[in-house]
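Undergrad: A single structure is presented below for examination.
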Amino acid sequence: MASTSASSSSAIAPAATTHSFARYKANNIVEDGDLVVLYLSKENVILIRVDVNETFNCKFGSYRHADMIGLEYGTKLGSNTGRGFLYLLFPTPELWTLILPHRTQILYVADISFIMNFLNLKPGMSMIESGTGSGSFSHSIARTLAPTGHLYSFEYHQERVNAATKEFEDHGLSDMITLRRRDVCKDGFDLVDRVDAVFLDLPAPWEAVASAKRAFKKNKIGKICTFSPCIEQISKTVTALSEHKFVDIQMYECLIRFQEVRILPILTIEEAMEKERIHESKRQRALPRVLRDSYLKATAKANEDEELPPAKHMKIEKGQEEENSNKDNDDTNKKDQSLSGTPAEFEASGKTVTITKLPVEQRGHTSYLLFATLPPSVDSLPVVTLE
Amino acid sequence: MATNPSDTINAGEHVFIKMPSDNVKCIVLKPGSTVALGKFGSFKANDIIGHAWGNSYEIYDRDNKTRVYHLDEINEIEETENNNREIVDDASSQKLTLEDIKALKNEGLKGELTGQEIVNKLKESHATFDKKTAYSQAKYLQKKGKKFHKVFTPIKPTAYSVNEYFYIKNPDKIRGMRMDTLSQLLSYSNVHSGCKLLVVDDTQGLVVSALAERMGGNGTILGMYDGDSPNYDILKYMNFNDKIQETIKVLSWLRMYRGVDEKTPDELQDVTQLTGKDLEGYHRRSKAYKIVEESRKILHAGDFDGLVIASQYQPESILEKLLPFIRGSRPVVVYHTAKEALLDTSTWMRKCPELLAPQLTESWLRKSQVLPGRTHPEMSTWGGGGCLLTATKIIDFPVQAAMTKRERLAMEKKNAEAKKLKREREELANSSNDASREGSAAPVAIASSSTIVVETTSTDATDATTGETTTTTTTTTIVQEEDSKEPSSKRTKLE
Ligand SMILES: C[S@@+](CC[C@H](N)C(=O)[O-])C[C@H]1O[C@@H](n2cnc3c(N)ncnc32)[C@H](O)[C@@H]1O
């Protein structure tokens, strides 16, 4: 997170405007009281509420909120020192998921997206979510159900309820979300014939299945998703779901592989040999005749033992620190220069290869996504139950 | 009965029918018709029209009668002492003769026996059934069950189910886009009710369909297409109502700008002189022309809330043309079947001063069989699901936080000049088509990148304070203002 000064830590003041995560502003202009995501670099992103009297400070300089007012979202703003800059971004649920304060484990974009698509969420639907946790998923759901749909969110932990209530309010989502403090496993949802979809991210989702069933609208199809990291939890949930006549039970896992794109300089073997020849002749010329023979012998041996040096590469990764120097100060390229020219020269002569690289460490498992369908409970066709 | 029309199975709509074999068939539900499901028999469309989605139906007699069928709960399988050691499964283990089984089937068709009862009879007369392990018992029942329960399930076409249907049946049609990739495209595009989106969709309309579903009839999607007409075949499967349908507009790349030699139908023909076929043709043409003009207006009004590209053409070339129409801080999402096809685009994006933080992602999805005590990943899995390259549109028109009053005035003057220039170019573009072909001097290009409003921040109070913290870089920043207007200079050099 940003190295913010005390002056911006109180950035999120109570919502004074109707500014909301769930819709863009018509004029797309930053105004006093608005929410702005300050993007300094990939690792340095922060949400503030604009207050004409405040200043945002970071190591690249300071930015007075007053200077942001009147600018269009998406503007690149230079700092007072002229050394740094940041981007003023419009807050989205996806950005929020990346920067929100973690009070619990949270859902990320891969699971969020797949669940929303599978449950067929769209404007106007009603849905249950429990527990609210850090509100990561809640933001995406609210955006997608807006403006006419509704999210009923349940959480039994008082502090998390308080924090999420405040966030939903600050983010202009409180008319879309009803947040209740409740132990849904013990006391149920207390909703009947109300929702189209249910999502359970609880340690014991099977204990909430019966009550979830009652909450579904009776005369239409209902869809449920439960989210559990362990297969044993899935087992119990499957049993509960089928006992309660949910059908079409399916399970998925979904992960996103973030690919890093890099440009590597690449030489033909002829070019490499040519370089070596030049190199060698230089050294030979520098050596007195008597030493040359022993030198050649030694290098021949060393070459045998030595492995090829690792290829130097340019990093294609956009962050402000790099970008600052890359685009504005021209520093990065010096750092990246390999022996035979700058990456740009390589690129110009076509002697590069573009590759993708997976990060050394990446997520291997989040949770199992278990889906099931609840058929409408009333229908006029003759009903036959077998067995 | 469900009340919302989208909650019920309606006459004339597309419906997926999941058959006992788990295969899915797509039909159009014509009232009064009989729908044939091959060896599983057939059913009458009227038996399901008007009913809520979500039920399964059993075909239970020769007259194609159907009744709602409640799928059995999955029973916990308790492991028995049995193992498969002593089982020789051949024709002899079934005590019923072929004739007997045929008779059972016939009774089933007449509706006198349910599929379940037939399976039970088979089970009872199976010599070694009790000796089978719980697993193979379950497998046996499942196998027979599928055969004898003539149960089908109507499935509502949604972005997900349509995507799945085509991904399995004909992935090339939708350029290999898998459901998880589509779901991420929807998230990254931040699509929601009321959005205005610019889309290039060569997935036969899958992307447009999914975006339109998420907008729910509010907002605008403008789809750029090439060829005679947009190929959005997938749209028809979605059963969209008129309200949603109307949010989707299209514009041919060739009609992006009005050419000087482009004539309205009225300019081409004198309507008062036309009769019969000619008059019909005229009306057809003027209707088509109106649509083009309307779409062109939407495009040039700019201020799109996102750009989504799933095209067969080089993404950079499309980005170059369409980025100017996108608002600041709005998502740009590019899809391609192959990661390799996006590498150059990614490099291009990184150099493009109008795009922030390009990110290349590939999704991974695994489905598992879930049966109590028998849960495992499915034996065969999907191939690729395509890749996404996402970024955020930014305004390449840097603003310095602190400026002196003098600098601020200079910038304002510059802005005013830019606006004047913009107006002039707009007029020029309106009267010239050559400029448009090149994609240069796009009027909206200038509009969206020059709408920096410095004026509004310049109160006296701020001027007083900024005066102290001004730096010399301010002026150089402002100089870029001019450059940013030329599409040719949008690529800054890496060095
Ligand atoms: C992993 S977190 C949910 C994270 C959330 N999906 C997100 O994306 O931010 C699980 C939450 O469920 C809450 N919880 C657990 N059992 C509960 C119960 N019986 N009733 C209500 N909430 C419960 C916990 O307090 C915790 O905050």
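By order in the structure tokens, chains are A, B, ...; within a chain, residues start at 1; ligands start at 1, following the order shown.
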Which residues are near ligand 1 in this structure, taking near to mean any atom at most 7 Å from a ligand atom and counting only C-alpha atoms and all ligand atoms? Format them as a list in words.
TA: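 Every residue with an atom at most 7 Å from ligand 1 is listed here: Thr104, Gln105, Ile106, Leu107, Ser130, Gly131, Thr132, Gly133, Ser134, Gly135, Ser136, Phe137, Ser138, Phe154, Glu155, Tyr156, His157, Arg160, Arg182, Asp183, Val184, Cys185, Lys186, Asp201, Leu202 and Pro203 of chain A.
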Undergrad: Once you have the residues from the selection above, write them out as a tab-separated table (two decimals), in the first residue's frame, restricted to N, CA and C atoms.
TA:
chain	number	residue	atom	x	y	z
A	104	THR	N	-10.72	-10.99	6.27
A	104	THR	CA	-10.88	-12.44	6.16
A	104	THR	C	-10.15	-12.87	4.87
A	105	GLN	N	-10.22	-14.15	4.59
A	105	GLN	CA	-9.86	-14.60	3.24
A	105	GLN	C	-10.89	-13.98	2.30
A	106	ILE	N	-10.47	-13.69	1.10
A	106	ILE	CA	-11.45	-13.09	0.18
A	106	ILE	C	-11.51	-13.84	-1.14
A	107	LEU	N	-12.54	-13.57	-1.89
A	107	LEU	CA	-12.66	-14.11	-3.24
A	107	LEU	C	-11.94	-13.18	-4.22
A	130	SER	N	-23.37	-15.23	2.05
A	130	SER	CA	-22.93	-15.34	3.45
A	130	SER	C	-21.67	-16.19	3.50
A	131	GLY	N	-20.63	-15.82	4.33
A	131	GLY	CA	-20.57	-14.57	5.04
A	131	GLY	C	-20.03	-13.44	4.18
A	132	THR	N	-20.32	-12.28	4.67
A	132	THR	CA	-19.89	-11.07	3.98
A	132	THR	C	-18.36	-10.97	3.96
A	133	GLY	N	-17.74	-11.39	5.06
A	133	GLY	CA	-16.28	-11.37	5.15
A	133	GLY	C	-15.74	-9.97	4.94
A	134	SER	N	-14.87	-9.82	3.94
A	134	SER	CA	-14.28	-8.51	3.66
A	134	SER	C	-15.02	-7.75	2.57
A	135	GLY	N	-16.11	-8.34	2.10
A	135	GLY	CA	-16.94	-7.64	1.14
A	135	GLY	C	-16.40	-7.62	-0.27
A	136	SER	N	-15.42	-8.48	-0.55
A	136	SER	CA	-14.84	-8.50	-1.89
A	136	SER	C	-15.88	-8.89	-2.93
A	137	PHE	N	-16.52	-10.04	-2.70
A	137	PHE	CA	-17.52	-10.50	-3.66
A	137	PHE	C	-18.73	-9.56	-3.68
A	138	SER	N	-19.11	-9.04	-2.52
A	138	SER	CA	-20.30	-8.19	-2.43
A	138	SER	C	-20.27	-7.05	-3.45
A	154	PHE	N	-25.05	-11.67	4.76
A	154	PHE	CA	-25.13	-12.08	6.17
A	154	PHE	C	-23.74	-12.36	6.73
A	155	GLU	N	-23.52	-11.87	7.95
A	155	GLU	CA	-22.22	-12.05	8.59
A	155	GLU	C	-22.48	-12.09	10.09
A	156	TYR	N	-21.83	-13.02	10.80
A	156	TYR	CA	-22.12	-13.08	12.24
A	156	TYR	C	-21.08	-12.38	13.11
A	157	HIS	N	-20.01	-11.92	12.50
A	157	HIS	CA	-18.93	-11.29	13.25
A	157	HIS	C	-19.19	-9.78	13.32
A	160	ARG	N	-16.85	-7.19	11.62
A	160	ARG	CA	-16.90	-7.27	10.15
A	160	ARG	C	-18.20	-6.68	9.62
A	182	ARG	N	-26.02	-12.07	11.64
A	182	ARG	CA	-26.81	-13.27	11.87
A	182	ARG	C	-25.92	-14.48	11.77
A	183	ASP	N	-26.15	-15.46	12.61
A	183	ASP	CA	-25.51	-16.75	12.45
A	183	ASP	C	-26.43	-17.58	11.55
A	184	VAL	N	-26.09	-17.64	10.30
A	184	VAL	CA	-27.02	-18.25	9.34
A	184	VAL	C	-27.11	-19.76	9.51
A	185	CYS	N	-26.09	-20.36	10.11
A	185	CYS	CA	-26.16	-21.81	10.31
A	185	CYS	C	-27.12	-22.14	11.44
A	186	LYS	N	-27.12	-21.29	12.45
A	186	LYS	CA	-28.00	-21.55	13.59
A	186	LYS	C	-29.39	-20.97	13.36
A	201	ASP	N	-20.15	-18.87	1.47
A	201	ASP	CA	-18.72	-18.98	1.74
A	201	ASP	C	-18.59	-19.05	3.26
A	202	LEU	N	-18.85	-20.24	3.77
A	202	LEU	CA	-18.91	-20.49	5.22
A	202	LEU	C	-18.13	-21.76	5.52
A	203	PRO	N	-17.65	-21.90	6.74
A	203	PRO	CA	-16.97	-23.15	7.07
A	203	PRO	C	-17.91	-24.37	6.99
Undergrad: Find the residues near region 248-250 of chain A: any atom within 6 Å, counting only C-alpha atoms, skip ones fewer than 3 places away on the same chain, and give them as a list in words.
TA: Leu370, Phe371, Ala372 and Thr373 of chain A
Undergrad: Any chance you could export the current selection's N, CA and C atoms as a JSON list (two decimals), in the first residue's frame?
TA:
[["chain", "number", "residue", "atom", "x", "y", "z"],
["A", 370, "LEU", "N", -19.00, -25.43, -5.76],
["A", 370, "LEU", "CA", -20.05, -26.44, -5.90],
["A", 370, "LEU", "C", -21.34, -25.74, -6.30],
["A", 371, "PHE", "N", -21.94, -26.19, -7.38],
["A", 371, "PHE", "CA", -23.17, -25.56, -7.87],
["A", 371, "PHE", "C", -24.31, -26.56, -7.84],
["A", 372, "ALA", "N", -25.51, -26.10, -7.61],
["A", 372, "ALA", "CA", -26.68, -26.96, -7.71],
["A", 372, "ALA", "C", -27.89, -26.13, -8.08],
["A", 373, "THR", "N", -28.89, -26.83, -8.58],
["A", 373, "THR", "CA", -30.11, -26.18, -9.06],
["A", 373, "THR", "C", -31.28, -26.61, -8.18]]
Undergrad: From the set B:Lys236, B:Lys413, B:Arg366, B:Lys150, which residue has the shortest atom-to-atom contact distance to chain A, counting only C-alpha atoms?
TA: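 Among B:Lys236, B:Lys413, B:Arg366, B:Lys150, it is B:Arg366 that comes nearest to chain A.
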Undergrad: Would you list the contacts of region 312-321 of chain B as a list in words, taking every protein, DNA or RNA residue within 8 Å and counting only C-alpha atoms, but skipping same-chain residues closer than 2 positions in sequence?
TA: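 Returned residues: Asp202, Ile309, Ala310, Leu323, Pro324, Val334, His336, Leu342, Thr345, Trp348, Met349, Gly439 and Pro487 of chain B.
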Undergrad: How would the residues just chosen look if you wrote them out with C-alpha atoms as a PDB file, in the first residue's frame?
TA:
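Final file, result_38.pdb:
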ATOM      1  CA  ASP B 202     -16.005 -12.221 -34.133  1.00  0.00           C
ATOM      2  CA  ILE B 309     -12.313  -6.904 -28.769  1.00  0.00           C
ATOM      3  CA  ALA B 310     -12.624 -10.569 -29.745  1.00  0.00           C
ATOM      4  CA  LEU B 323      -9.112   3.853 -28.464  1.00  0.00           C
ATOM      5  CA  PRO B 324      -9.863   7.519 -29.151  1.00  0.00           C
ATOM      6  CA  VAL B 334      -8.861  -8.056 -25.865  1.00  0.00           C
ATOM      7  CA  HIS B 336      -7.797 -14.201 -28.513  1.00  0.00           C
ATOM      8  CA  LEU B 342      -1.531 -11.263 -28.092  1.00  0.00           C
ATOM      9  CA  THR B 345      -0.344  -6.483 -28.787  1.00  0.00           C
ATOM     10  CA  TRP B 348       2.292  -2.410 -28.250  1.00  0.00           C
ATOM     11  CA  MET B 349       0.020  -1.662 -25.320  1.00  0.00           C
ATOM     12  CA  GLY B 439      -8.008   6.812 -39.311  1.00  0.00           C
ATOM     13  CA  PRO B 487      -2.494   9.296 -33.762  1.00  0.00           C
TER      14      PRO B 487
END
Undergrad: Restrict the distance test to only C-alpha atoms, flag each residue of chain A within 6 Å of chain B, and return the flagged residues as a PyMOL selection string.
TA: chain A and resi 67+70-71+73-80+89-90+113-114+117+122-123+144+219-221+235+242+251-259+318+375+382-385
Undergrad: Would you please give, as a short mmCIF file (atom, residue, chain, number, x, y, z; two decimals) with N, CA, C and O atoms, in the first residue's frame, all residues of region 41-186 of chain A that DSSP assigns to strand (DSSP E) based on the backbone?
TA:
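Generated file (out_23.cif):
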data_model
loop_
_atom_site.label_atom_id
_atom_site.label_comp_id
_atom_site.auth_asym_id
_atom_site.auth_seq_id
_atom_site.Cartn_x
_atom_site.Cartn_y
_atom_site.Cartn_z
N SER A 41 1.56 2.57 -8.97
CA SER A 41 2.19 1.45 -9.65
C SER A 41 1.33 0.24 -9.33
O SER A 41 0.38 0.33 -8.56
N ASN A 44 1.11 -0.28 -5.81
CA ASN A 44 0.85 0.92 -5.04
C ASN A 44 -0.44 1.60 -5.53
O ASN A 44 -0.40 2.50 -6.36
N VAL A 45 -1.55 1.08 -5.01
CA VAL A 45 -2.86 1.58 -5.44
C VAL A 45 -3.67 1.86 -4.19
O VAL A 45 -3.66 1.07 -3.26
N ILE A 46 -4.35 2.99 -4.18
CA ILE A 46 -5.08 3.34 -2.96
C ILE A 46 -6.37 4.08 -3.31
O ILE A 46 -6.42 4.83 -4.28
N LEU A 47 -7.39 3.82 -2.51
CA LEU A 47 -8.67 4.50 -2.71
C LEU A 47 -8.77 5.69 -1.76
O LEU A 47 -8.52 5.54 -0.56
N ILE A 48 -9.11 6.84 -2.29
CA ILE A 48 -9.32 8.00 -1.41
C ILE A 48 -10.67 8.64 -1.71
O ILE A 48 -11.26 8.39 -2.77
N ARG A 49 -11.13 9.41 -0.75
CA ARG A 49 -12.28 10.27 -1.05
C ARG A 49 -11.75 11.70 -1.15
O ARG A 49 -11.03 12.16 -0.26
N THR A 55 -4.40 16.53 1.36
CA THR A 55 -3.26 16.29 0.46
C THR A 55 -2.87 14.83 0.55
O THR A 55 -2.89 14.25 1.64
N PHE A 56 -2.55 14.25 -0.55
CA PHE A 56 -2.06 12.87 -0.56
C PHE A 56 -0.55 12.91 -0.73
O PHE A 56 -0.02 13.50 -1.67
N ASN A 57 0.15 12.29 0.23
CA ASN A 57 1.61 12.29 0.18
C ASN A 57 2.15 10.89 -0.04
O ASN A 57 1.66 9.93 0.53
N CYS A 58 3.15 10.79 -0.87
CA CYS A 58 3.86 9.53 -1.00
C CYS A 58 5.30 9.87 -1.35
O CYS A 58 5.66 11.04 -1.48
N GLY A 61 6.22 12.46 -3.97
CA GLY A 61 5.79 13.84 -3.87
C GLY A 61 4.41 13.93 -3.26
O GLY A 61 3.86 12.93 -2.81
N SER A 62 3.88 15.12 -3.27
CA SER A 62 2.53 15.24 -2.70
C SER A 62 1.57 15.77 -3.75
O SER A 62 1.95 16.43 -4.72
N TYR A 63 0.32 15.42 -3.54
CA TYR A 63 -0.74 15.77 -4.48
C TYR A 63 -1.89 16.36 -3.69
O TYR A 63 -2.47 15.69 -2.84
N ARG A 64 -2.22 17.58 -3.96
CA ARG A 64 -3.36 18.17 -3.26
C ARG A 64 -4.65 17.73 -3.94
O ARG A 64 -4.74 17.72 -5.17
N THR A 75 -6.93 10.59 -15.83
CA THR A 75 -5.87 11.57 -16.05
C THR A 75 -4.60 11.19 -15.29
O THR A 75 -4.66 10.65 -14.19
N LYS A 76 -3.49 11.47 -15.94
CA LYS A 76 -2.19 11.28 -15.31
C LYS A 76 -1.82 12.60 -14.65
O LYS A 76 -1.77 13.63 -15.31
N LEU A 77 -1.59 12.52 -13.35
CA LEU A 77 -1.35 13.74 -12.60
C LEU A 77 0.07 13.76 -12.08
O LEU A 77 0.51 12.83 -11.41
N GLY A 78 0.80 14.83 -12.38
CA GLY A 78 2.16 14.94 -11.89
C GLY A 78 2.19 15.50 -10.47
O GLY A 78 1.30 16.24 -10.07
N PHE A 85 4.31 10.75 -10.61
CA PHE A 85 2.95 11.00 -11.11
C PHE A 85 2.09 9.83 -10.72
O PHE A 85 2.56 8.76 -10.32
N LEU A 86 0.81 10.03 -10.82
CA LEU A 86 -0.13 8.94 -10.56
C LEU A 86 -1.31 9.11 -11.50
O LEU A 86 -1.44 10.11 -12.19
N TYR A 87 -2.11 8.05 -11.55
CA TYR A 87 -3.31 8.09 -12.39
C TYR A 87 -4.54 8.16 -11.50
O TYR A 87 -4.60 7.49 -10.47
N LEU A 88 -5.49 8.96 -11.93
CA LEU A 88 -6.75 9.06 -11.20
C LEU A 88 -7.72 8.08 -11.84
O LEU A 88 -8.16 8.28 -12.97
N LEU A 89 -8.03 7.00 -11.15
CA LEU A 89 -8.90 5.98 -11.74
C LEU A 89 -10.26 5.94 -11.08
O LEU A 89 -10.41 6.23 -9.89
N SER A 126 -32.23 -10.97 -7.29
CA SER A 126 -32.00 -10.92 -5.85
C SER A 126 -31.14 -12.09 -5.45
O SER A 126 -31.30 -13.18 -5.98
N MET A 127 -30.30 -11.83 -4.47
CA MET A 127 -29.34 -12.86 -4.12
C MET A 127 -28.98 -12.81 -2.64
O MET A 127 -29.01 -11.76 -2.02
N ILE A 128 -28.60 -13.98 -2.13
CA ILE A 128 -28.09 -14.08 -0.75
C ILE A 128 -26.60 -14.37 -0.83
O ILE A 128 -26.16 -15.15 -1.67
N GLU A 129 -25.86 -13.76 0.09
CA GLU A 129 -24.43 -14.07 0.22
C GLU A 129 -24.11 -14.19 1.70
O GLU A 129 -24.55 -13.37 2.50
N SER A 130 -23.37 -15.23 2.05
CA SER A 130 -22.93 -15.34 3.45
C SER A 130 -21.67 -16.19 3.50
O SER A 130 -21.57 -17.20 2.80
N HIS A 150 -31.08 -6.86 -5.76
CA HIS A 150 -30.75 -6.68 -4.35
C HIS A 150 -29.89 -7.82 -3.82
O HIS A 150 -30.10 -8.97 -4.16
N LEU A 151 -28.94 -7.42 -2.98
CA LEU A 151 -28.09 -8.42 -2.33
C LEU A 151 -28.39 -8.44 -0.83
O LEU A 151 -28.33 -7.41 -0.17
N TYR A 152 -28.72 -9.63 -0.32
CA TYR A 152 -28.86 -9.82 1.12
C TYR A 152 -27.58 -10.48 1.60
O TYR A 152 -27.27 -11.60 1.21
N SER A 153 -26.83 -9.75 2.41
CA SER A 153 -25.54 -10.26 2.84
C SER A 153 -25.59 -10.53 4.34
O SER A 153 -26.13 -9.73 5.11
N PHE A 154 -25.05 -11.67 4.76
CA PHE A 154 -25.13 -12.08 6.17
C PHE A 154 -23.74 -12.36 6.73
O PHE A 154 -22.94 -13.04 6.09
N GLU A 155 -23.52 -11.87 7.95
CA GLU A 155 -22.22 -12.05 8.59
C GLU A 155 -22.48 -12.09 10.09
O GLU A 155 -23.24 -11.28 10.60
N ILE A 177 -27.58 -3.23 -1.02
CA ILE A 177 -27.19 -4.34 -0.15
C ILE A 177 -27.86 -4.20 1.21
O ILE A 177 -27.81 -3.14 1.83
N THR A 178 -28.49 -5.26 1.66
CA THR A 178 -28.97 -5.32 3.03
C THR A 178 -28.02 -6.24 3.78
O THR A 178 -27.91 -7.42 3.45
N LEU A 179 -27.31 -5.66 4.74
CA LEU A 179 -26.35 -6.45 5.49
C LEU A 179 -26.93 -6.74 6.87
O LEU A 179 -27.32 -5.82 7.59
N ARG A 180 -27.00 -8.02 7.22
CA ARG A 180 -27.55 -8.37 8.54
C ARG A 180 -26.54 -9.17 9.34
O ARG A 180 -25.86 -10.03 8.79
N ARG A 181 -26.52 -8.87 10.63
CA ARG A 181 -25.70 -9.69 11.51
C ARG A 181 -26.52 -10.89 11.95
O ARG A 181 -27.59 -10.76 12.53
#
Undergrad: Find the spatial neighbours of region 268-270 of chain A, counting only C-alpha atoms, within a cut-off of 10 Å - ignore same-chain residues fewer than 5 positions away - and output them as a PyMOL selection string.
TA: chain A and resi 275-276+351
Undergrad: Mind pulling up the distance from CA of Asp100 (chain B) to CA of Asn120 (chain B)?
TA: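 Separating CA of Asn120 (chain B) from CA of Asp100 (chain B) is a distance of 13.8 Å.
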Undergrad: Rounded to one decimal place, report the CA of Pro157 (chain B)-CA of Val198 (chain A) distance in Å.
TA: 20.1 Å
